[in-house]
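As provided, entry.cif (mmCIF, C-alpha atoms (C1' of nucleotides)) reads as follows.
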data_run
#
loop_
_atom_site.label_atom_id
_atom_site.label_comp_id
_atom_site.auth_asym_id
_atom_site.auth_seq_id
_atom_site.Cartn_x
_atom_site.Cartn_y
_atom_site.Cartn_z
CA MET E 5 168.69 83.05 147.98
CA SER E 6 168.88 86.74 148.57
CA HIS E 7 167.47 87.65 151.94
CA PRO E 8 165.59 84.97 153.84
CA GLY E 9 162.36 86.94 153.91
CA THR E 10 162.54 87.97 150.28
CA SER E 11 162.47 84.63 148.53
CA TYR E 12 160.14 84.06 145.63
CA HIS E 13 158.11 81.57 147.58
CA HIS E 14 156.51 82.86 150.71
CA GLY E 15 156.73 79.74 152.81
CA ASP E 16 153.32 79.79 154.47
CA LEU E 17 151.15 82.12 152.50
CA ARG E 18 147.94 80.50 153.66
CA ALA E 19 148.62 81.34 157.29
CA ALA E 20 149.89 84.78 156.29
CA CYS E 21 146.63 85.46 154.43
CA LEU E 22 144.54 84.45 157.42
CA ARG E 23 146.63 86.64 159.69
CA ALA E 24 146.35 89.56 157.29
CA ALA E 25 142.59 89.06 157.09
CA ARG E 26 142.27 89.11 160.88
CA GLU E 27 144.33 92.29 161.10
CA LEU E 28 142.22 94.00 158.46
CA LEU E 29 139.06 93.03 160.31
CA GLU E 30 140.38 94.42 163.59
CA GLU E 31 141.59 97.65 162.02
CA ASP E 32 139.04 99.26 159.78
CA GLY E 33 136.28 97.16 161.27
CA GLY E 34 134.78 97.32 157.83
CA ALA E 35 132.67 94.70 156.19
CA GLY E 36 134.72 95.16 153.04
CA LEU E 37 137.21 92.37 153.46
CA SER E 38 138.62 91.93 149.98
CA LEU E 39 140.89 89.24 148.71
CA ARG E 40 143.07 91.84 147.07
CA ALA E 41 143.48 93.80 150.28
CA VAL E 42 144.54 90.60 152.02
CA ALA E 43 147.10 89.93 149.30
CA ARG E 44 148.44 93.48 149.55
CA ARG E 45 148.72 93.14 153.31
CA ALA E 46 150.59 89.86 152.96
CA GLY E 47 152.97 91.56 150.54
CA VAL E 48 152.08 89.34 147.64
CA SER E 49 150.54 89.63 144.19
CA PRO E 50 146.75 90.12 143.99
CA THR E 51 146.08 86.62 142.69
CA ALA E 52 148.53 84.66 144.82
CA PRO E 53 145.94 83.74 147.49
CA TYR E 54 144.05 81.76 144.86
CA ARG E 55 146.73 79.07 145.21
CA HIS E 56 145.45 78.46 148.75
CA PHE E 57 141.79 79.44 148.59
CA ALA E 58 139.46 78.40 145.80
CA ASP E 59 137.69 81.76 145.86
CA ARG E 60 136.76 84.60 148.14
CA ASP E 61 134.12 82.53 149.93
CA ALA E 62 136.72 79.93 150.85
CA LEU E 63 138.96 82.57 152.41
CA ILE E 64 136.00 84.04 154.29
CA SER E 65 135.01 80.59 155.52
CA ALA E 66 138.51 79.90 156.81
CA VAL E 67 138.57 83.23 158.63
CA ALA E 68 135.09 82.53 160.01
CA ALA E 69 136.20 79.12 161.26
CA GLU E 70 138.92 80.81 163.32
CA GLY E 71 136.26 83.15 164.62
CA TYR E 72 134.03 80.26 165.71
CA ARG E 73 136.93 78.73 167.62
CA ASP E 74 137.71 82.09 169.23
CA LEU E 75 134.08 82.44 170.24
CA THR E 76 133.95 78.98 171.79
CA GLU E 77 137.08 79.71 173.83
CA HIS E 78 135.71 83.11 174.81
CA LEU E 79 132.49 81.55 176.10
CA ALA E 80 134.30 78.81 177.97
CA ALA E 81 136.61 81.38 179.57
CA ALA E 82 133.63 83.48 180.63
CA HIS E 83 132.43 80.73 182.94
CA PRO E 84 134.89 77.85 183.40
CA ALA E 85 132.78 75.75 185.75
CA PRO E 86 129.63 74.17 184.32
CA PRO E 87 126.85 76.72 184.76
CA ARG E 88 123.97 75.81 187.03
CA THR E 89 121.95 78.94 187.69
CA PRO E 90 120.29 81.60 185.55
CA ASP E 91 123.09 83.94 186.62
CA ASP E 92 125.64 81.56 185.14
CA LEU E 93 123.66 81.42 181.94
CA ALA E 94 123.47 85.20 181.86
CA ASP E 95 127.27 85.37 182.13
CA ILE E 96 127.58 83.24 179.02
CA ALA E 97 125.02 85.34 177.19
CA VAL E 98 126.85 88.53 178.11
CA ALA E 99 130.11 87.01 176.86
CA TYR E 100 128.45 86.11 173.54
CA VAL E 101 127.14 89.63 173.04
CA ARG E 102 130.44 91.15 174.14
CA PHE E 103 132.26 89.12 171.53
CA ALA E 104 129.95 90.50 168.86
CA LEU E 105 130.33 94.09 170.05
CA ASP E 106 134.08 93.88 170.60
CA ARG E 107 134.79 92.30 167.24
CA PRO E 108 131.89 93.35 165.04
CA ALA E 109 133.67 92.82 161.75
CA MET E 110 134.64 89.27 162.68
CA PHE E 111 131.15 88.51 163.94
CA LYS E 112 129.61 89.69 160.69
CA VAL E 113 132.05 87.60 158.72
CA MET E 114 131.02 84.61 160.81
CA PHE E 115 127.28 85.05 160.51
CA ALA E 116 126.35 87.60 157.86
CA GLU E 117 128.61 86.89 154.95
CA PRO E 118 128.22 84.47 152.08
CA CYS E 119 130.40 81.51 152.80
CA ASP E 120 131.43 78.18 151.41
CA PRO E 121 128.85 75.68 152.71
CA SER E 122 131.14 72.78 151.89
CA SER E 123 133.97 73.95 154.12
CA GLU E 124 134.70 71.12 156.55
CA GLU E 125 136.77 73.37 158.77
CA ARG E 126 133.84 75.74 159.07
CA ALA E 127 131.34 72.96 159.76
CA ALA E 128 133.59 71.45 162.43
CA ALA E 129 134.02 74.77 164.22
CA ILE E 130 130.27 75.29 164.24
CA ALA E 131 129.70 71.78 165.53
CA ALA E 132 132.05 72.62 168.40
CA ILE E 133 129.93 75.60 169.37
CA SER E 134 126.82 73.49 169.18
CA ALA E 135 128.40 70.80 171.34
CA TYR E 136 129.46 73.38 173.90
CA LEU E 137 125.90 74.70 174.12
CA HIS E 138 124.45 71.23 174.46
CA ALA E 139 126.83 70.43 177.30
CA LEU E 140 125.89 73.72 178.87
CA VAL E 141 122.15 73.14 178.89
CA ARG E 142 122.63 69.50 179.91
CA GLY E 143 124.49 70.72 183.00
CA ALA E 144 122.10 73.53 183.78
CA PHE E 145 118.84 71.66 183.14
CA PRO E 146 119.59 68.03 183.98
CA GLY E 147 116.07 66.67 183.84
CA ARG E 148 114.93 68.22 180.57
CA ASP E 149 115.25 67.49 176.88
CA PRO E 150 118.46 69.32 175.93
CA GLU E 151 117.71 69.62 172.22
CA PRO E 152 115.05 72.34 172.14
CA LEU E 153 116.67 74.12 175.07
CA ALA E 154 120.03 74.28 173.35
CA THR E 155 118.34 75.63 170.23
CA ALA E 156 116.47 78.22 172.25
CA VAL E 157 119.53 79.35 174.21
CA TRP E 158 121.65 79.69 171.10
CA ALA E 159 118.90 81.59 169.31
CA LEU E 160 118.39 83.87 172.30
CA VAL E 161 122.04 84.89 172.66
CA HIS E 162 122.54 85.05 168.91
CA GLY E 163 119.51 87.27 168.46
CA LEU E 164 120.63 89.51 171.30
CA ALA E 165 124.05 89.84 169.70
CA PHE E 166 122.68 90.67 166.27
CA LEU E 167 120.10 93.15 167.42
CA HIS E 168 122.70 94.97 169.47
CA LEU E 169 125.12 94.94 166.58
CA ASP E 170 122.47 96.30 164.23
CA GLY E 171 121.88 99.27 166.46
CA LYS E 172 118.40 98.16 167.46
CA PHE E 173 119.41 98.72 171.07
CA ASP E 174 121.52 101.34 172.76
CA THR E 175 125.08 100.14 173.19
CA SER E 176 126.76 103.36 174.21
CA THR E 177 128.22 101.71 177.28
CA PRO E 178 129.07 98.02 177.66
CA GLU E 179 127.31 97.94 181.01
CA GLN E 180 124.05 99.01 179.45
CA ALA E 181 124.19 96.18 176.94
CA ALA E 182 125.22 93.69 179.61
CA ASP E 183 122.35 94.72 181.87
CA ARG E 184 119.83 94.35 179.06
CA VAL E 185 121.18 90.90 178.24
CA ARG E 186 120.99 89.83 181.87
CA SER E 187 117.44 91.14 182.17
CA ALA E 188 116.35 89.29 179.06
CA VAL E 189 117.90 86.02 180.22
CA HIS E 190 116.34 86.33 183.66
CA ALA E 191 112.98 87.10 182.11
CA LEU E 192 113.04 83.73 180.38
CA PHE E 193 114.85 81.74 183.07
CA PRO E 194 113.42 82.58 186.46
CA ALA E 195 115.37 81.46 189.47
CA GLY E 196 113.60 78.13 189.83
CA ALA E 197 113.95 77.00 186.24
CA THR E 198 117.30 75.27 186.59
CA ALA E 199 118.22 72.19 188.54
CA MET S 21 107.03 114.50 123.34
CA SER S 22 107.17 111.09 121.75
CA HIS S 23 105.38 108.20 123.44
CA PRO S 24 104.11 108.58 126.99
CA GLY S 25 106.35 105.83 128.34
CA THR S 26 109.39 106.98 126.46
CA SER S 27 109.80 110.47 127.72
CA TYR S 28 113.14 111.70 128.90
CA HIS S 29 111.97 111.95 132.46
CA HIS S 30 110.79 108.78 134.03
CA GLY S 31 108.02 110.14 136.20
CA ASP S 32 108.58 108.18 139.38
CA LEU S 33 112.02 106.71 139.21
CA ARG S 34 112.33 106.37 142.95
CA ALA S 35 109.39 103.99 143.16
CA ALA S 36 110.56 102.20 140.03
CA CYS S 37 113.96 101.62 141.61
CA LEU S 38 112.44 100.19 144.77
CA ARG S 39 110.22 97.92 142.71
CA ALA S 40 113.16 96.79 140.60
CA ALA S 41 115.19 96.11 143.73
CA ARG S 42 112.41 93.97 145.20
CA GLU S 43 112.11 91.98 141.99
CA LEU S 44 115.85 91.39 141.85
CA LEU S 45 115.81 90.18 145.46
CA GLU S 46 112.96 87.77 144.76
CA GLU S 47 114.55 86.40 141.60
CA ASP S 48 118.17 85.55 141.99
CA GLY S 49 117.87 85.57 145.75
CA GLY S 50 121.39 86.85 145.68
CA ALA S 51 122.97 89.08 148.23
CA GLY S 52 124.52 91.03 145.39
CA LEU S 53 121.96 93.76 145.02
CA SER S 54 123.79 96.38 143.00
CA LEU S 55 122.73 99.89 142.23
CA ARG S 56 123.66 99.37 138.61
CA ALA S 57 121.51 96.26 138.31
CA VAL S 58 118.59 98.20 139.75
CA ALA S 59 119.14 100.95 137.20
CA ARG S 60 119.31 98.42 134.35
CA ARG S 61 116.12 96.82 135.56
CA ALA S 62 114.37 100.16 135.70
CA GLY S 63 115.51 100.85 132.14
CA VAL S 64 117.55 103.85 133.06
CA SER S 65 121.18 104.95 132.98
CA PRO S 66 123.53 103.49 135.61
CA THR S 67 123.84 106.72 137.55
CA ALA S 68 120.25 107.92 137.37
CA PRO S 69 119.26 106.45 140.77
CA TYR S 70 121.71 108.83 142.43
CA ARG S 71 119.16 111.57 141.89
CA HIS S 72 116.87 109.79 144.36
CA PHE S 73 119.27 107.95 146.67
CA ALA S 74 122.38 109.53 148.12
CA ASP S 75 124.31 106.30 147.76
CA ARG S 76 123.93 102.55 147.74
CA ASP S 77 123.30 102.41 151.48
CA ALA S 78 120.38 104.80 151.13
CA LEU S 79 118.76 102.60 148.49
CA ILE S 80 119.34 99.50 150.64
CA SER S 81 117.86 101.26 153.65
CA ALA S 82 114.74 102.20 151.71
CA VAL S 83 114.31 98.64 150.49
CA ALA S 84 114.89 97.37 154.02
CA ALA S 85 112.25 99.73 155.37
CA GLU S 86 109.71 98.17 153.02
CA GLY S 87 110.85 94.79 154.29
CA TYR S 88 110.29 95.79 157.91
CA ARG S 89 106.76 96.88 157.09
CA ASP S 90 106.14 93.63 155.23
CA LEU S 91 107.40 91.67 158.21
CA THR S 92 105.18 93.53 160.64
CA GLU S 93 102.14 92.85 158.49
CA HIS S 94 103.15 89.23 158.08
CA LEU S 95 103.40 88.76 161.85
CA ALA S 96 100.11 90.49 162.49
CA ALA S 97 98.42 88.33 159.87
CA ALA S 98 99.84 85.18 161.42
CA HIS S 99 97.83 85.74 164.54
CA PRO S 100 95.25 88.53 164.33
CA ALA S 101 93.90 88.27 167.84
CA PRO S 102 96.21 89.30 170.68
CA PRO S 103 98.16 86.20 171.66
CA ARG S 104 97.66 84.80 175.13
CA THR S 105 99.21 81.36 175.27
CA PRO S 106 102.62 79.89 174.47
CA ASP S 107 101.02 78.34 171.40
CA ASP S 108 100.05 81.78 170.16
CA LEU S 109 103.57 82.98 170.75
CA ALA S 110 104.91 80.00 168.86
CA ASP S 111 102.72 80.91 165.89
CA ILE S 112 104.31 84.33 165.74
CA ALA S 113 107.78 82.85 166.04
CA VAL S 114 107.07 80.43 163.21
CA ALA S 115 105.83 83.30 161.06
CA TYR S 116 109.01 85.26 161.75
CA VAL S 117 111.21 82.34 160.74
CA ARG S 118 109.06 81.59 157.72
CA PHE S 119 109.47 85.15 156.51
CA ALA S 120 113.25 84.75 156.72
CA LEU S 121 113.23 81.42 154.90
CA ASP S 122 110.70 82.48 152.26
CA ARG S 123 112.47 85.72 151.45
CA PRO S 124 116.08 85.15 152.44
CA ALA S 125 117.52 87.88 150.25
CA MET S 126 115.16 90.49 151.67
CA PHE S 127 115.81 89.31 155.22
CA LYS S 128 119.55 89.64 154.74
CA VAL S 129 119.13 93.10 153.29
CA MET S 130 117.11 94.00 156.37
CA PHE S 131 119.51 92.65 158.97
CA ALA S 132 122.88 91.77 157.48
CA GLU S 133 123.72 94.59 155.14
CA PRO S 134 125.41 97.90 155.83
CA CYS S 135 122.74 100.56 155.89
CA ASP S 136 122.25 104.23 156.40
CA PRO S 137 121.81 104.69 160.15
CA SER S 138 120.32 108.14 159.63
CA SER S 139 117.42 106.91 157.52
CA GLU S 140 114.25 108.07 159.22
CA GLU S 141 112.08 105.77 157.15
CA ARG S 142 114.16 102.82 158.27
CA ALA S 143 114.10 103.86 161.94
CA ALA S 144 110.34 104.33 161.86
CA ALA S 145 109.75 100.89 160.35
CA ILE S 146 111.93 99.29 163.02
CA ALA S 147 110.13 101.19 165.74
CA ALA S 148 106.88 99.74 164.40
CA ILE S 149 108.19 96.20 164.79
CA SER S 150 109.36 96.99 168.28
CA ALA S 151 105.98 98.47 169.18
CA TYR S 152 104.20 95.40 167.83
CA LEU S 153 106.37 93.14 169.97
CA HIS S 154 105.80 95.24 173.06
CA ALA S 155 102.05 95.11 172.56
CA LEU S 156 102.37 91.38 172.05
CA VAL S 157 104.17 90.67 175.32
CA ARG S 158 101.98 93.13 177.18
CA GLY S 159 98.96 91.13 176.10
CA ALA S 160 100.50 87.74 176.73
CA PHE S 161 102.18 88.52 180.06
CA PRO S 162 99.99 91.17 181.68
CA GLY S 163 101.57 91.20 185.10
CA ARG S 164 105.20 91.37 184.11
CA ASP S 165 107.70 94.00 183.04
CA PRO S 166 107.30 94.08 179.25
CA GLU S 167 110.70 95.59 178.48
CA PRO S 168 113.03 92.63 179.09
CA LEU S 169 110.42 90.19 177.83
CA ALA S 170 110.01 92.04 174.55
CA THR S 171 113.78 92.09 174.14
CA ALA S 172 114.00 88.39 174.88
CA VAL S 173 111.18 87.44 172.54
CA TRP S 174 112.58 89.47 169.67
CA ALA S 175 116.06 88.06 170.24
CA LEU S 176 114.71 84.53 170.39
CA VAL S 177 112.79 84.68 167.13
CA HIS S 178 115.49 86.70 165.42
CA GLY S 179 118.17 84.24 166.46
CA LEU S 180 116.05 81.33 165.32
CA ALA S 181 115.56 82.98 161.95
CA PHE S 182 119.24 83.72 161.45
CA LEU S 183 120.50 80.35 162.54
CA HIS S 184 118.07 78.64 160.20
CA LEU S 185 119.02 80.95 157.39
CA ASP S 186 122.71 80.31 157.97
CA GLY S 187 122.23 76.58 157.57
CA LYS S 188 122.94 75.85 161.23
CA PHE S 189 119.76 73.79 161.30
CA ASP S 190 118.10 71.50 158.82
CA THR S 191 115.48 73.34 156.83
CA SER S 192 114.78 70.77 154.13
CA THR S 193 111.06 70.91 154.89
CA PRO S 194 109.18 73.88 156.29
CA GLU S 195 107.47 71.60 158.82
CA GLN S 196 110.81 70.59 160.30
CA ALA S 197 111.81 74.18 160.84
CA ALA S 198 108.38 75.05 162.22
CA ASP S 199 108.50 72.15 164.67
CA ARG S 200 111.92 73.15 165.92
CA VAL S 201 110.77 76.72 166.42
CA ARG S 202 107.70 75.57 168.33
CA SER S 203 109.79 73.27 170.51
CA ALA S 204 112.23 76.03 171.31
CA VAL S 205 109.46 78.46 172.21
CA HIS S 206 107.72 75.93 174.40
CA ALA S 207 110.99 75.08 176.11
CA LEU S 208 111.25 78.68 177.29
CA PHE S 209 107.55 79.38 177.81
CA PRO S 210 105.95 76.46 179.59
CA ALA S 211 102.18 76.35 179.62
CA GLY S 212 101.82 78.22 182.90
CA ALA S 213 104.09 81.13 182.07
CA THR S 214 101.49 83.38 180.51
CA ALA S 215 98.50 85.05 182.02
"C1'" DT X 13 107.91 133.04 126.12
"C1'" DA X 14 112.13 132.80 128.74
"C1'" DC X 15 114.49 130.72 132.26
"C1'" DG X 16 116.03 128.08 136.24
"C1'" DA X 17 115.47 123.98 138.95
"C1'" DT X 18 114.86 119.10 138.43
"C1'" DT X 19 115.94 114.91 136.51
"C1'" DG X 20 118.25 111.82 133.44
"C1'" DT X 21 122.73 110.79 130.39
"C1'" DG X 22 127.76 109.97 129.35
"C1'" DT X 23 132.26 109.45 130.65
"C1'" DG X 24 135.81 108.16 133.57
"C1'" DC X 25 138.40 106.56 137.81
"C1'" DG X 26 139.80 103.12 140.99
"C1'" DC X 27 138.27 99.23 143.12
"C1'" DT X 28 136.74 94.31 143.09
"C1'" DG X 29 136.71 88.89 141.94
"C1'" DC X 30 138.55 85.92 138.92
"C1'" DA X 31 140.38 83.39 134.48
"C1'" DT X 32 144.41 82.69 131.97
"C1'" DA X 33 149.23 82.39 130.70
"C1'" DC X 34 153.85 82.78 132.45
"C1'" DA X 35 157.96 82.78 135.85
"C1'" DT X 36 160.39 80.80 139.66
"C1'" DC X 37 161.70 77.63 142.98
"C1'" DG X 38 162.40 73.19 145.78
"C1'" DG X 39 162.80 68.44 146.10
"C1'" DA X 40 162.85 63.83 144.35
"C1'" DA X 41 164.55 60.64 140.47
"C1'" DG X 42 168.15 59.34 137.70
"C1'" DC Q 8 175.39 66.25 140.89
"C1'" DT Q 9 172.24 67.11 137.43
"C1'" DT Q 10 167.55 67.14 135.62
"C1'" DC Q 11 163.11 67.81 135.57
"C1'" DC Q 12 158.42 68.41 137.31
"C1'" DG Q 13 154.95 69.86 140.47
"C1'" DA Q 14 154.00 73.46 143.59
"C1'" DT Q 15 153.80 78.23 144.26
"C1'" DG Q 16 153.83 83.12 143.09
"C1'" DT Q 17 153.45 86.82 139.11
"C1'" DA Q 18 151.50 89.46 135.13
"C1'" DT Q 19 147.86 90.64 132.38
"C1'" DG Q 20 143.24 91.28 131.20
"C1'" DC Q 21 138.16 91.33 131.58
"C1'" DA Q 22 133.67 92.57 133.33
"C1'" DG Q 23 131.21 94.56 137.05
"C1'" DC Q 24 130.91 97.65 140.86
"C1'" DG Q 25 130.18 102.52 143.49
"C1'" DC Q 26 130.60 107.02 142.65
"C1'" DA Q 27 132.20 111.89 141.00
"C1'" DC Q 28 131.76 114.97 137.40
"C1'" DA Q 29 130.18 117.54 133.33
"C1'" DC Q 30 126.41 117.80 130.10
"C1'" DA Q 31 121.50 117.42 128.06
"C1'" DA Q 32 116.57 117.36 128.23
"C1'" DT Q 33 112.44 118.58 130.39
"C1'" DC Q 34 108.93 120.75 133.42
"C1'" DG Q 35 106.99 124.46 136.17
"C1'" DT Q 36 106.64 129.10 136.72
"C1'" DA Q 37 106.99 134.04 136.16
#
The structure given in the file should be rewritten as structure tokens.
Amino acid sequence: MSHPGTSYHHGDLRAACLRAARELLEEDGGAGLSLRAVARRAGVSPTAPYRHFADRDALISAVAAEGYRDLTEHLAAAHPAPPRTPDDLADIAVAYVRFALDRPAMFKVMFAEPCDPSSEERAAAIAAISAYLHALVRGAFPGRDPEPLATAVWALVHGLAFLHLDGKFDTSTPEQAADRVRSAVHALFPAGATA
Amino acid sequence: MSHPGTSYHHGDLRAACLRAARELLEEDGGAGLSLRAVARRAGVSPTAPYRHFADRDALISAVAAEGYRDLTEHLAAAHPAPPRTPDDLADIAVAYVRFALDRPAMFKVMFAEPCDPSSEERAAAIAAISAYLHALVRGAFPGRDPEPLATAVWALVHGLAFLHLDGKFDTSTPEQAADRVRSAVHALFPAGATA
DNA sequence: TACGATTGTGTGCGCTGCATACATCGGAAG
DNA sequence: CTTCCGATGTATGCAGCGCACACAATCGTA
């Protein structure tokens, strides 16, 4: 009763918590994503989220899983056609680093926060990224063993993202970061390396 | 003045705090390195460390700086002579990943914890790593521009370390991780790539 | 010997994650 | 249509955290 939005039960508190968490990450960009802040944001008591998330790690893992899916989409959008040349690969690498620099709080939640290792949602989202990368290297390097190459490519772009995020490199302008990423990729993948 | 070890003033509380912090990192391996726990460990009141560290970030940064120096030594020890072949490079990469897996708490403090960006000690220790890597690629790839190569090599090993640490790869045995690292390095640096 | 800077202590505030007990509601069984 | 129970949100409380502040002890120096 009373007003529709004021009922005792929220309706979909789980989704509301995830949305609140995303908003908090975008806003203060801070690493301090607290369960209580999420509850406040969702307009609910401090312990209500525990009905939907076992503990803080579970919430973080669910948020991170959304981030992994976002990242996969972002990479796919950066280069729709299957990449074939080092330039194509560099585009993907730049997109990976851009994601980290544009959404640093989310990226840290995804890769630098304690998380629930038993979260199926999280594992599935990571597997999707891995599959995307394997397909990528399979297309770009048809004749070669995709396993070590996929590992190397992921590590390369991931390391570039983290080192930029940590302030190890100058990131005052996006172009500077993009150029450095392209140079690094081209240093490892000369023009003749692909199919 | 009572017993020598029981005086009011500690003598070298700053060093004692750093030592306590290292011990805590080695023991519970936890990411939860708290200023209060450090103070307890050092046998001192909870707020005493504030006389030597402006805030928690400053303490973390000082601990991280020690970690950077440790890492540099560890890499240098892994391959004393200047590396020349992809195998040599792979040795360094394996050492980098081993450091992360052997001392995960320290590694996370170094690269996944908010820190004081104005810490000179921290900046100097990072510059030392960077210099080591530059010297490394200069020796291994004499004819080529060292800048993008150094960036790429650091990103590669750093990404490998982080992805292993995050459980993205199987690390049940050290050999497995080492083999994967070697494979990845060799995939990017075929035998003829060096001088 | 007196004194001021340095260094450690004690207390307190608001925040956090989380365990526990309680209140409210919605839907299925009778 | 009523009843009741499981699902969902609330209230309260605890220990730990970073940190600000006022106070005490000590050391070096004049």
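One distance worth recording is that between atom CA of E:Pro121 and atom CA of S:Thr191, which is 14.2 Å.
For chain E, the residues within 8 Å of chain S are E:Ala35, E:Lys112, E:Phe115, E:Ala116, E:Glu117, E:Pro118, E:Ile130, E:Pro152, E:Leu153, E:Thr155, E:Ala156, E:Trp158, E:Ala159, E:Leu160, E:Val161, E:His162, E:Gly163, E:Leu164, E:Phe166, E:Leu167, E:Asp170, E:Lys172, E:Arg184, E:Ser187, E:Ala188, E:Val189, E:Ala191, E:Leu192, E:Phe193, with all atoms listed in the file used to measure distance.
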Those same residues - C-alpha atoms - I'd like them written as a short mmCIF file (atom, residue, chain, number, x, y, z; two decimals), keeping the file's coordinate frame.
data_model
loop_
_atom_site.label_atom_id
_atom_site.label_comp_id
_atom_site.auth_asym_id
_atom_site.auth_seq_id
_atom_site.Cartn_x
_atom_site.Cartn_y
_atom_site.Cartn_z
CA ALA E 35 132.67 94.70 156.19
CA LYS E 112 129.61 89.69 160.69
CA PHE E 115 127.28 85.05 160.51
CA ALA E 116 126.35 87.60 157.86
CA GLU E 117 128.61 86.89 154.95
CA PRO E 118 128.22 84.47 152.08
CA ILE E 130 130.27 75.29 164.24
CA PRO E 152 115.05 72.34 172.14
CA LEU E 153 116.67 74.12 175.07
CA THR E 155 118.34 75.63 170.23
CA ALA E 156 116.47 78.22 172.25
CA TRP E 158 121.65 79.69 171.10
CA ALA E 159 118.90 81.59 169.31
CA LEU E 160 118.39 83.87 172.30
CA VAL E 161 122.04 84.89 172.66
CA HIS E 162 122.54 85.05 168.91
CA GLY E 163 119.51 87.27 168.46
CA LEU E 164 120.63 89.51 171.30
CA PHE E 166 122.68 90.67 166.27
CA LEU E 167 120.10 93.15 167.42
CA ASP E 170 122.47 96.30 164.23
CA LYS E 172 118.40 98.16 167.46
CA ARG E 184 119.83 94.35 179.06
CA SER E 187 117.44 91.14 182.17
CA ALA E 188 116.35 89.29 179.06
CA VAL E 189 117.90 86.02 180.22
CA ALA E 191 112.98 87.10 182.11
CA LEU E 192 113.04 83.73 180.38
CA PHE E 193 114.85 81.74 183.07
#
Taking the file above as input, evaluate the PyMOL selection byres ((chain Q) within 9 of (chain E)) and report the hits as a ChimeraX atom specification. /Q:15-17
To verify the selection step, state as a list of chain:residue names which residues the PyMOL selection byres ((chain X) within 8 of (chain S)) yields on this input. X:DT19, X:DG20, X:DT21
How many Å separate atom CA of E:Glu70 from atom CA of E:Asp95? 22.6 Å
Skip E:Val42 itself and residues of its chain fewer than 3 positions away, then list as a compact mmCIF listing (two decimals) with C-alpha atoms, in the frame of the given file all residues within 8 Å of it, counting all atoms listed in the file.
# COMPACT_ATOMS: atom_id res chain seq x y z
CA CYS E 21 146.63 85.46 154.43
CA ALA E 24 146.35 89.56 157.29
CA ALA E 25 142.59 89.06 157.09
CA LEU E 28 142.22 94.00 158.46
CA LEU E 37 137.21 92.37 153.46
CA SER E 38 138.62 91.93 149.98
CA LEU E 39 140.89 89.24 148.71
CA ARG E 45 148.72 93.14 153.31
CA ALA E 46 150.59 89.86 152.96
Check which residues satisfy the PyMOL selection byres ((chain X and resi 23-37) around 10) in the file shown, then give them as a PyMOL selection string. (chain E and resi 11-13+38-41+51+54+59-60) or (chain X and resi 21-22+38-39) or (chain Q and resi 14-29)
N, CA and C atoms for stretch 95-106 of chain S, written as an mmCIF file, keeping the file's coordinate frame, could you do that?
data_model
loop_
_atom_site.group_PDB
_atom_site.id
_atom_site.type_symbol
_atom_site.label_atom_id
_atom_site.label_comp_id
_atom_site.auth_asym_id
_atom_site.auth_seq_id
_atom_site.Cartn_x
_atom_site.Cartn_y
_atom_site.Cartn_z
ATOM 1 N N LEU S 95 103.560 89.236 160.480
ATOM 2 C CA LEU S 95 103.400 88.760 161.850
ATOM 3 C C LEU S 95 101.971 88.992 162.332
ATOM 4 N N ALA S 96 101.462 90.186 162.043
ATOM 5 C CA ALA S 96 100.110 90.490 162.490
ATOM 6 C C ALA S 96 99.098 89.545 161.845
ATOM 7 N N ALA S 97 99.339 89.223 160.563
ATOM 8 C CA ALA S 97 98.420 88.330 159.870
ATOM 9 C C ALA S 97 98.502 86.913 160.396
ATOM 10 N N ALA S 98 99.661 86.554 160.943
ATOM 11 C CA ALA S 98 99.840 85.180 161.420
ATOM 12 C C ALA S 98 98.970 84.896 162.626
ATOM 13 N N HIS S 99 98.628 85.950 163.339
ATOM 14 C CA HIS S 99 97.830 85.740 164.540
ATOM 15 C C HIS S 99 97.091 87.028 164.871
ATOM 16 N N PRO S 100 95.963 87.254 164.209
ATOM 17 C CA PRO S 100 95.250 88.530 164.330
ATOM 18 C C PRO S 100 94.881 88.887 165.760
ATOM 19 N N ALA S 101 94.297 87.951 166.484
ATOM 20 C CA ALA S 101 93.900 88.270 167.840
ATOM 21 C C ALA S 101 95.133 88.390 168.721
ATOM 22 N N PRO S 102 95.060 89.187 169.773
ATOM 23 C CA PRO S 102 96.210 89.300 170.680
ATOM 24 C C PRO S 102 96.550 87.934 171.267
ATOM 25 N N PRO S 103 97.771 87.520 171.182
ATOM 26 C CA PRO S 103 98.160 86.200 171.660
ATOM 27 C C PRO S 103 98.122 86.112 173.175
ATOM 28 N N ARG S 104 97.784 84.958 173.683
ATOM 29 C CA ARG S 104 97.660 84.800 175.130
ATOM 30 C C ARG S 104 98.403 83.564 175.641
ATOM 31 N N THR S 105 98.607 82.610 174.806
ATOM 32 C CA THR S 105 99.210 81.360 175.270
ATOM 33 C C THR S 105 100.557 81.144 174.591
ATOM 34 N N PRO S 106 101.360 80.231 175.133
ATOM 35 C CA PRO S 106 102.620 79.890 174.470
ATOM 36 C C PRO S 106 102.413 79.426 173.035
#
